[in-house]
>>> print(open('coords-v3.txt').read())   # compact mmCIF, C-alpha atoms
# COMPACT_ATOMS: atom_id res chain seq x y z
CA MET A 862 26.22 5.88 -9.69
CA ALA A 863 23.49 7.29 -7.45
CA THR A 864 20.53 8.88 -9.22
CA GLU A 865 17.71 10.60 -7.39
CA ARG A 866 14.19 10.96 -8.70
CA ARG A 867 12.86 14.34 -7.60
CA ALA A 868 9.44 14.82 -6.03
CA THR A 869 8.21 16.69 -9.10
CA HIS A 870 4.56 16.90 -8.04
CA ALA A 871 5.27 18.24 -4.55
CA GLY A 872 3.98 21.78 -4.17
CA SER A 873 1.13 21.21 -6.63
CA TRP A 874 -0.55 17.83 -6.21
CA TYR A 875 0.40 17.73 -2.52
CA SER A 876 2.26 19.96 -0.09
CA ASP A 877 6.04 20.28 -0.38
CA LYS A 878 6.24 21.34 3.27
CA ALA A 879 6.99 18.35 5.48
CA GLU A 880 5.08 19.54 8.55
CA VAL A 881 1.97 20.41 6.56
CA LEU A 882 2.09 17.12 4.68
CA GLU A 883 2.60 15.11 7.88
CA ARG A 884 -0.45 16.73 9.48
CA GLU A 885 -2.57 16.15 6.39
CA LEU A 886 -1.67 12.46 6.13
CA ALA A 887 -2.10 11.93 9.87
CA SER A 888 -5.57 13.50 9.65
CA TYR A 889 -6.61 11.23 6.78
CA LEU A 890 -5.28 8.16 8.60
CA SER A 891 -7.09 9.15 11.78
CA THR A 892 -10.35 9.29 9.83
CA ALA A 893 -9.71 5.80 8.45
CA ALA A 894 -8.72 4.27 11.80
CA PRO A 895 -8.85 1.59 13.11
CA GLY A 896 -8.81 0.14 9.62
CA THR A 897 -10.39 -2.99 8.27
CA ILE A 898 -7.82 -5.58 9.32
CA GLY A 899 -7.17 -4.00 12.71
CA GLY A 900 -10.85 -3.41 13.37
CA LEU A 901 -12.54 -6.41 11.77
CA HIS A 902 -9.96 -8.99 10.76
CA PRO A 903 -7.18 -8.98 13.39
CA LYS A 904 -6.00 -12.45 12.32
CA ARG A 905 -5.39 -11.35 8.73
CA LYS A 906 -2.14 -10.27 7.12
CA LEU A 907 -2.08 -7.47 4.57
CA LYS A 908 -0.47 -8.48 1.25
CA ALA A 909 -1.51 -5.63 -1.02
CA ILE A 910 -3.58 -2.50 -1.40
CA ILE A 911 -5.17 -0.88 -4.43
CA GLY A 912 -5.33 2.88 -4.04
CA PRO A 913 -5.85 6.13 -5.98
CA HIS A 914 -3.27 8.59 -7.28
CA ALA A 915 -5.01 11.95 -7.63
CA GLY A 916 -4.10 15.11 -5.74
CA TYR A 917 -4.49 14.58 -2.01
CA SER A 918 -7.35 17.10 -1.74
CA TYR A 919 -9.31 14.74 -3.99
CA SER A 920 -8.19 11.21 -3.11
CA GLY A 921 -6.05 11.47 0.02
CA LYS A 922 -8.87 10.38 2.29
CA THR A 923 -9.68 7.32 0.16
CA ALA A 924 -6.01 6.28 0.02
CA ALA A 925 -5.83 6.38 3.81
CA PHE A 926 -8.25 3.46 4.08
CA GLY A 927 -5.50 1.26 2.64
CA TYR A 928 -2.46 2.75 4.33
CA VAL A 929 -4.03 2.68 7.79
CA ASP A 930 -3.80 -1.13 7.76
CA ILE A 931 -0.07 -1.30 6.99
CA ASP A 932 2.04 -2.75 9.81
CA PRO A 933 5.54 -1.41 9.02
CA SER A 934 7.21 -3.89 11.38
CA LYS A 935 6.21 -6.73 9.03
CA ILE A 936 7.39 -5.17 5.76
CA SER A 937 10.88 -4.96 4.28
CA ARG A 938 10.06 -4.50 0.59
CA ILE A 939 7.27 -2.73 -1.28
CA PHE A 940 6.36 -3.26 -4.93
CA LEU A 941 4.60 -0.22 -6.40
CA LEU A 942 2.78 -0.76 -9.71
CA GLY A 943 1.26 2.16 -11.59
CA PRO A 944 -0.03 2.94 -15.09
CA SER A 945 1.80 5.06 -17.65
CA HIS A 946 -0.15 8.26 -18.36
CA HIS A 947 2.25 10.21 -20.57
CA VAL A 948 4.22 7.80 -22.75
CA TYR A 949 3.23 4.74 -24.72
CA LEU A 950 4.91 1.77 -23.11
CA ARG A 951 4.78 -1.77 -24.38
CA GLY A 952 5.25 -4.03 -21.42
CA CYS A 953 6.56 -2.93 -18.04
CA ALA A 954 9.50 -0.82 -16.90
CA VAL A 955 11.40 -0.59 -13.63
CA SER A 956 12.96 2.58 -12.30
CA GLY A 957 16.56 3.41 -13.06
CA ALA A 958 16.79 5.66 -10.00
CA THR A 959 18.53 4.62 -6.81
CA THR A 960 16.47 6.94 -4.59
CA TYR A 961 12.98 8.44 -4.68
CA GLN A 962 12.79 11.81 -2.95
CA THR A 963 9.77 12.90 -0.90
CA PRO A 964 9.23 15.88 1.42
CA LEU A 965 9.15 13.32 4.24
CA GLY A 966 12.51 11.72 3.46
CA ASP A 967 14.13 9.68 0.74
CA ILE A 968 13.08 6.14 -0.19
CA ALA A 969 15.69 3.61 -1.34
CA VAL A 970 14.95 1.81 -4.59
CA ASP A 971 15.71 -1.91 -4.53
CA GLY A 972 18.32 -2.00 -7.27
CA SER A 973 18.92 -5.71 -6.84
CA VAL A 974 15.30 -6.66 -7.55
CA CYS A 975 15.06 -4.13 -10.39
CA SER A 976 18.11 -5.78 -11.96
CA GLU A 977 16.59 -9.23 -11.46
CA LEU A 978 13.45 -8.14 -13.28
CA SER A 979 15.44 -6.47 -16.06
CA SER A 980 17.45 -9.65 -16.56
CA THR A 981 14.27 -11.52 -17.54
CA GLY A 982 14.15 -9.46 -20.74
CA LYS A 983 10.55 -8.48 -19.98
CA PHE A 984 11.22 -5.23 -18.10
CA SER A 985 12.80 -2.13 -19.62
CA ARG A 986 14.25 0.77 -17.62
CA MET A 987 12.34 4.01 -17.20
CA PRO A 988 14.25 7.08 -18.42
CA MET A 989 14.44 9.65 -15.62
CA ASP A 990 12.25 12.17 -17.46
CA VAL A 991 9.52 9.55 -17.85
CA ASP A 992 9.86 8.56 -14.20
CA GLU A 993 9.61 12.16 -13.02
CA ASP A 994 6.68 13.04 -15.29
CA GLU A 995 4.57 10.12 -14.08
CA HIS A 996 2.32 10.82 -11.09
CA SER A 997 0.77 7.37 -10.60
CA LEU A 998 3.82 6.18 -8.66
CA GLU A 999 4.79 9.44 -6.97
CA MET A 1000 1.41 10.06 -5.37
CA HIS A 1001 1.90 6.99 -3.18
CA LEU A 1002 5.40 7.90 -2.01
CA PRO A 1003 4.54 10.37 0.80
CA TYR A 1004 2.07 7.90 2.27
CA ILE A 1005 4.68 5.14 2.07
CA ALA A 1006 7.34 7.35 3.69
CA HIS A 1007 4.90 8.37 6.42
CA VAL A 1008 3.68 4.92 7.46
CA MET A 1009 7.10 3.26 7.09
CA ARG A 1010 9.05 5.88 9.04
CA GLY A 1011 11.64 4.30 11.33
CA HIS A 1012 11.45 0.92 9.60
CA PRO A 1013 14.02 -0.06 6.95
CA PHE A 1014 12.58 -1.10 3.60
CA THR A 1015 13.21 -0.87 -0.13
CA LEU A 1016 10.93 0.06 -3.00
CA VAL A 1017 10.45 -1.63 -6.39
CA PRO A 1018 8.69 0.90 -8.67
CA ILE A 1019 7.14 -0.63 -11.81
CA LEU A 1020 5.46 1.32 -14.58
CA VAL A 1021 2.89 -0.84 -16.37
CA GLY A 1022 2.20 -0.02 -20.00
CA SER A 1023 -0.33 -1.21 -22.52
CA VAL A 1024 -0.25 -4.98 -22.19
CA ASP A 1025 -2.60 -7.61 -23.60
CA ALA A 1026 -4.12 -10.52 -21.68
CA SER A 1027 -1.25 -12.91 -22.40
CA SER A 1028 1.33 -10.35 -21.30
CA GLU A 1029 -0.59 -9.61 -18.12
CA LYS A 1030 -0.36 -13.31 -17.32
CA VAL A 1031 3.39 -13.39 -18.05
CA TYR A 1032 4.07 -10.41 -15.80
CA GLY A 1033 1.82 -11.82 -13.10
CA GLU A 1034 3.75 -15.08 -13.13
CA LEU A 1035 7.07 -13.23 -12.93
CA LEU A 1036 5.92 -11.17 -9.95
CA SER A 1037 4.14 -13.99 -8.12
CA ARG A 1038 7.27 -15.28 -6.40
CA TYR A 1039 7.82 -11.86 -4.84
CA LEU A 1040 4.21 -11.73 -3.69
CA ASP A 1041 4.91 -15.00 -1.87
CA CYS A 1042 7.62 -13.34 0.25
CA PRO A 1043 6.20 -12.86 3.77
CA SER A 1044 7.68 -9.38 4.22
CA THR A 1045 6.71 -8.01 0.80
CA LEU A 1046 3.76 -5.67 0.23
CA PHE A 1047 2.28 -4.79 -3.17
CA ILE A 1048 0.68 -1.40 -3.80
CA ILE A 1049 -1.38 -1.02 -6.98
CA SER A 1050 -2.02 2.53 -8.14
CA SER A 1051 -5.31 3.23 -9.93
CA ASP A 1052 -8.16 5.68 -10.14
CA PHE A 1053 -11.51 4.43 -11.37
CA CYS A 1054 -14.05 5.96 -13.76
CA HIS A 1055 -13.06 9.22 -15.47
CA TRP A 1056 -16.46 10.53 -16.56
CA GLY A 1057 -17.33 13.50 -18.75
CA LYS A 1058 -16.82 15.00 -22.19
CA ARG A 1059 -13.23 15.98 -21.35
CA PHE A 1060 -12.47 12.29 -20.76
CA ARG A 1061 -14.44 11.22 -23.85
CA PHE A 1062 -16.48 8.88 -21.66
CA THR A 1063 -20.16 9.57 -20.91
CA HIS A 1064 -21.67 6.12 -20.33
CA TYR A 1065 -25.01 6.55 -18.56
CA ASP A 1066 -27.70 4.07 -17.58
CA ALA A 1067 -30.85 6.05 -16.79
CA ALA A 1068 -32.21 3.08 -14.84
CA ASP A 1069 -29.62 3.82 -12.15
CA GLY A 1070 -30.99 7.30 -11.45
CA PRO A 1071 -28.63 10.30 -11.33
CA ILE A 1072 -25.47 10.20 -13.43
CA HIS A 1073 -23.23 9.83 -10.39
CA LYS A 1074 -25.14 6.72 -9.29
CA SER A 1075 -24.76 5.23 -12.77
CA ILE A 1076 -21.02 5.88 -12.53
CA GLU A 1077 -20.84 4.25 -9.10
CA ASN A 1078 -22.78 1.20 -10.24
CA LEU A 1079 -20.49 0.83 -13.25
CA ASP A 1080 -17.41 1.08 -11.03
CA ARG A 1081 -18.80 -1.40 -8.53
CA LYS A 1082 -19.38 -3.97 -11.27
CA GLY A 1083 -15.65 -3.86 -11.97
CA MET A 1084 -14.74 -3.75 -8.29
CA HIS A 1085 -16.79 -6.91 -7.72
CA LEU A 1086 -14.82 -8.77 -10.40
CA ILE A 1087 -11.55 -7.61 -8.82
CA GLU A 1088 -12.79 -8.92 -5.46
CA GLU A 1089 -13.55 -12.19 -7.24
CA LYS A 1090 -9.90 -12.25 -8.40
CA ASN A 1091 -11.08 -12.91 -11.93
CA PRO A 1092 -8.81 -11.19 -14.47
CA GLU A 1093 -10.59 -12.72 -17.46
CA ALA A 1094 -14.01 -11.45 -16.36
CA PHE A 1095 -12.48 -8.07 -15.48
CA ARG A 1096 -11.04 -7.79 -18.99
CA LYS A 1097 -14.40 -8.70 -20.56
CA TYR A 1098 -16.07 -6.06 -18.38
CA LEU A 1099 -13.58 -3.45 -19.62
CA GLU A 1100 -14.16 -4.50 -23.21
CA GLU A 1101 -17.94 -4.30 -22.79
CA TYR A 1102 -18.24 -1.02 -20.91
CA GLN A 1103 -14.94 0.69 -21.80
CA ASN A 1104 -14.78 2.05 -18.25
CA THR A 1105 -11.89 4.48 -17.97
CA ILE A 1106 -10.05 2.77 -15.11
CA CYS A 1107 -6.53 4.07 -15.70
CA GLY A 1108 -4.86 1.35 -13.63
CA ARG A 1109 -6.65 -1.52 -15.35
CA HIS A 1110 -3.38 -3.10 -16.50
CA PRO A 1111 -1.57 -2.90 -13.11
CA ILE A 1112 -4.71 -4.33 -11.50
CA SER A 1113 -4.86 -7.18 -14.02
CA VAL A 1114 -1.17 -7.98 -13.62
CA PHE A 1115 -1.69 -8.10 -9.86
CA LEU A 1116 -4.70 -10.41 -10.19
CA GLN A 1117 -2.58 -12.74 -12.29
CA ALA A 1118 0.18 -12.60 -9.67
CA ILE A 1119 -2.31 -13.68 -7.00
CA LEU A 1120 -3.52 -16.61 -9.08
CA HIS A 1121 0.04 -17.82 -9.71
CA SER A 1122 1.20 -17.46 -6.10
CA SER A 1123 0.56 -19.26 -2.86
CA CYS A 1124 -1.72 -16.32 -2.01
CA ASP A 1125 -4.42 -17.59 -4.37
CA ALA A 1126 -6.73 -18.04 -1.37
CA ALA A 1127 -6.26 -14.40 -0.34
CA GLU A 1128 -9.32 -12.18 0.03
CA VAL A 1129 -9.69 -8.90 -1.86
CA GLN A 1130 -12.07 -6.39 -0.35
CA PHE A 1131 -12.89 -2.82 -1.35
CA VAL A 1132 -13.18 -0.68 1.75
CA HIS A 1133 -13.75 2.86 0.46
CA TYR A 1134 -15.22 4.57 -2.60
CA ALA A 1135 -15.59 8.23 -3.49
CA GLN A 1136 -16.02 10.57 -6.45
CA SER A 1137 -14.38 13.95 -7.00
CA SER A 1138 -17.87 15.39 -7.59
CA HIS A 1139 -21.39 14.14 -8.18
CA CYS A 1140 -22.26 14.47 -11.85
CA LYS A 1141 -25.84 15.55 -12.48
CA CYS A 1142 -25.77 16.72 -16.09
CA ALA A 1143 -23.88 15.97 -19.29
CA ASP A 1144 -21.58 18.98 -18.85
CA ASP A 1145 -20.30 17.75 -15.47
CA SER A 1146 -17.21 15.59 -14.97
CA SER A 1147 -15.73 13.48 -12.20
CA VAL A 1148 -13.08 10.92 -11.29
CA SER A 1149 -13.79 7.97 -9.03
CA TYR A 1150 -11.44 6.75 -6.29
CA ALA A 1151 -11.47 3.38 -4.54
CA THR A 1152 -9.30 1.50 -2.08
CA ALA A 1153 -9.07 -2.27 -1.73
CA LEU A 1154 -7.17 -4.56 0.60
CA CYS A 1155 -5.76 -7.97 -0.22
CA TYR A 1156 -5.13 -10.07 2.86
CA THR A 1157 -4.38 -13.63 3.87
CA LYS A 1158 -4.81 -15.60 7.08
CA GLU A 1159 -2.01 -15.24 9.59
CA ASN A 1160 0.14 -18.36 9.94
>>> encode(input="coords-v3.txt", output="structure tokens")
Amino acid sequence: MATERRATHAGSWYSDKAEVLERELASYLSTAAPGTIGGLHPKRKLKAIIGPHAGYSYSGKTAAFGYVDIDPSKISRIFLLGPSHHVYLRGCAVSGATTYQTPLGDIAVDGSVCSELSSTGKFSRMPMDVDEDEHSLEMHLPYIAHVMRGHPFTLVPILVGSVDASSEKVYGELLSRYLDCPSTLFIISSDFCHWGKRFRFTHYDAADGPIHKSIENLDRKGMHLIEEKNPEAFRKYLEEYQNTICGRHPISVFLQAILHSSCDAAEVQFVHYAQSSHCKCADDSSVSYATALCYTKEN
């Protein structure tokens, strides 16, 4: 039985008008062109991107620095991993929908792979209301639909809950064989530091100068460990600083997948960083956005 997940954040977090949305995404991608792989590493193959999931007026430009490097002719399946913001989830869950709607056209969910993952006993199924409430997956869908237009592909949406280090390793091992597939792309959804009293996080190192520079330096410490593909060090960093990186678990699962795949020699490189505003006093607040690429050498 066909079940469609509605684009519940269209019209608020991004435009629900196809023409307006197309122009907006095209503008962001034009700013990011020619991209990192196309401009600097033409002999590299994109395997994954890490990108933000805020409203497009905040993070759309940053996200473009990942999507601009996607070659749709080389991709037939996309894994999309995002954190759960609204419900407590132990472990990971795959979508129960057959189709994800976007203003730019529908995206087919890979029911076969979702069933394979469910059969392991490690993945539950997202109820439709949970799926539709969650924005971490949806905010990537218009970009995916835009860059993949005219090229057949399927989507494997995975909601990543609160998982410990051993579970992150288990899920990474389970997903590693899919990462090895030449025509599979992974997209990891995450914002970075959520700073301010409303986020209950006000870490500040005065030695860094203004608050926004302290936030950036804190984020870049974590970004460096992600580039090092070191999930253990990344977890210790999170434990030490408590940085409010909402996609910390999807990122850690992905790092484990790299280490357990034939892509263990892949490079991870952050290519864009931004903040929603520059905090200057304790009453300010901001969210950080960053985009990274994971690429391998072309065979």
>>> closest_residue(input="coords-v3.txt", among="A:His1007, A:His947, A:Lys1158, A:Arg1061", to="Ser1023 (chain A)", atoms="all atoms listed in the file")
A:His947
>>> closest_atom_pairs(input="coords-v3.txt", of="region 1027-1078 of chain A", to="region 905-912 of chain A", cutoff="12 Å", atoms="all atoms listed in the file", output="Markdown table")
| residue | atom | partner | partner_atom | distance |
| --- | --- | --- | --- | --- |
| A:Ser1037 | CA | A:Lys908 | CA | 11.8 |
| A:Tyr1039 | CA | A:Lys908 | CA | 10.8 |
| A:Leu1040 | CA | A:Lys908 | CA | 7.5 |
| A:Asp1041 | CA | A:Lys908 | CA | 9.0 |
| A:Cys1042 | CA | A:Lys908 | CA | 9.5 |
| A:Pro1043 | CA | A:Lys908 | CA | 8.4 |
| A:Ser1044 | CA | A:Lys908 | CA | 8.7 |
| A:Thr1045 | CA | A:Lys908 | CA | 7.2 |
| A:Leu1046 | CA | A:Lys908 | CA | 5.2 |
| A:Phe1047 | CA | A:Ala909 | CA | 4.4 |
| A:Ile1048 | CA | A:Ile910 | CA | 5.0 |
| A:Ile1049 | CA | A:Ile911 | CA | 4.6 |
| A:Ser1050 | CA | A:Gly912 | CA | 5.3 |
| A:Ser1051 | CA | A:Gly912 | CA | 5.9 |
| A:Asp1052 | CA | A:Gly912 | CA | 7.3 |
| A:Phe1053 | CA | A:Gly912 | CA | 9.7 |
>>> write_last_selection(input="coords-v3.txt", atoms="C-alpha atoms", output="JSON list (two decimals), keeping the file's coordinate frame")
[["chain", "number", "residue", "atom", "x", "y", "z"],
["A", 1037, "SER", "CA", 4.14, -13.99, -8.12],
["A", 1039, "TYR", "CA", 7.82, -11.86, -4.84],
["A", 1040, "LEU", "CA", 4.21, -11.73, -3.69],
["A", 1041, "ASP", "CA", 4.91, -15.00, -1.87],
["A", 1042, "CYS", "CA", 7.62, -13.34, 0.25],
["A", 1043, "PRO", "CA", 6.20, -12.86, 3.77],
["A", 1044, "SER", "CA", 7.68, -9.38, 4.22],
["A", 1045, "THR", "CA", 6.71, -8.01, 0.80],
["A", 1046, "LEU", "CA", 3.76, -5.67, 0.23],
["A", 1047, "PHE", "CA", 2.28, -4.79, -3.17],
["A", 1048, "ILE", "CA", 0.68, -1.40, -3.80],
["A", 1049, "ILE", "CA", -1.38, -1.02, -6.98],
["A", 1050, "SER", "CA", -2.02, 2.53, -8.14],
["A", 1051, "SER", "CA", -5.31, 3.23, -9.93],
["A", 1052, "ASP", "CA", -8.16, 5.68, -10.14],
["A", 1053, "PHE", "CA", -11.51, 4.43, -11.37]]
>>> residues_near_point(input="coords-v3.txt", point="(-19.2, 14.8, -5.3)", cutoff="12 Å", atoms="all atoms listed in the file", output="VMD selection string")
chain A and resid 919 to 920 1072 to 1074 1076 to 1077 1134 to 1141 1145 to 1150
>>> atom_distance(input="coords-v3.txt", atom1="CA of Asp877 (chain A)", atom2="CA of His996 (chain A)")
14.8 Å
>>> closest_residue(input="coords-v3.txt", among="A:Thr959, A:Asn1078, A:Ser979, A:Ser1113", to="Asp1025 (chain A)", atoms="all atoms listed in the file")
A:Ser1113
>>> atom_distance(input="coords-v3.txt", atom1="CA of Asp990 (chain A)", atom2="CA of Arg866 (chain A)")
9.1 Å
>>> closest_residue(input="coords-v3.txt", among="A:Trp1056, A:Phe926, A:Tyr1156, A:Tyr917", to="His1133 (chain A)", atoms="all atoms listed in the file")
A:Phe926
>>> closest_residue(input="coords-v3.txt", among="A:Thr1015, A:Ser937, A:Thr1063, A:Ser873", to="Ser918 (chain A)", atoms="all atoms listed in the file")
A:Ser873
>>> residues_around(input="coords-v3.txt", residues="Thr869 (chain A)", least_positions_apart="4", cutoff="10 Å", atoms="all atoms listed in the file", output="compact mmCIF listing (two decimals) with C-alpha atoms, keeping the file's coordinate frame")
# COMPACT_ATOMS: atom_id res chain seq x y z
CA SER A 873 1.13 21.21 -6.63
CA TRP A 874 -0.55 17.83 -6.21
CA ASP A 877 6.04 20.28 -0.38
CA GLN A 962 12.79 11.81 -2.95
CA THR A 963 9.77 12.90 -0.90
CA ASP A 992 9.86 8.56 -14.20
CA GLU A 993 9.61 12.16 -13.02
CA ASP A 994 6.68 13.04 -15.29
CA GLU A 995 4.57 10.12 -14.08
CA HIS A 996 2.32 10.82 -11.09
CA GLU A 999 4.79 9.44 -6.97
>>> residues_around(input="coords-v3.txt", residues="Glu1093 (chain A)", least_positions_apart="6", cutoff="10 Å", atoms="only C-alpha atoms", output="MDAnalysis selection string")
chainID A and resid 1026 1086 1099 1113 1116:1117
>>> closest_residue(input="coords-v3.txt", among="A:Val955, A:Ala1094, A:Leu890, A:Leu942", to="Asp930 (chain A)", atoms="only C-alpha atoms")
A:Leu890
>>> closest_residue(input="coords-v3.txt", among="A:Arg1081, A:His914, A:Arg951, A:His1001", to="Leu1016 (chain A)", atoms="all atoms listed in the file")
A:His1001
>>> residues_around(input="coords-v3.txt", residues="Pro895 (chain A)", least_positions_apart="4", cutoff="12 Å", atoms="only C-alpha atoms", output="MDAnalysis selection string")
chainID A and resid 889:891 899:903 925:931
>>> atom_distance(input="coords-v3.txt", atom1="CA of Ser1075 (chain A)", atom2="CA of Gly943 (chain A)")
26.2 Å
>>> residues_near_point(input="coords-v3.txt", point="(4.9, 4.2, -10.8)", cutoff="6 Å", atoms="all atoms listed in the file", output="PDB file with C-alpha atoms, in the coordinates of the input")
ATOM      1  CA  LEU A 942       2.780  -0.760  -9.710  1.00  0.00           C
ATOM      2  CA  GLY A 943       1.260   2.160 -11.590  1.00  0.00           C
ATOM      3  CA  SER A 997       0.770   7.370 -10.600  1.00  0.00           C
ATOM      4  CA  LEU A 998       3.820   6.180  -8.660  1.00  0.00           C
ATOM      5  CA  PRO A1018       8.690   0.900  -8.670  1.00  0.00           C
ATOM      6  CA  ILE A1019       7.140  -0.630 -11.810  1.00  0.00           C
ATOM      7  CA  LEU A1020       5.460   1.320 -14.580  1.00  0.00           C
TER       8      LEU A1020
END
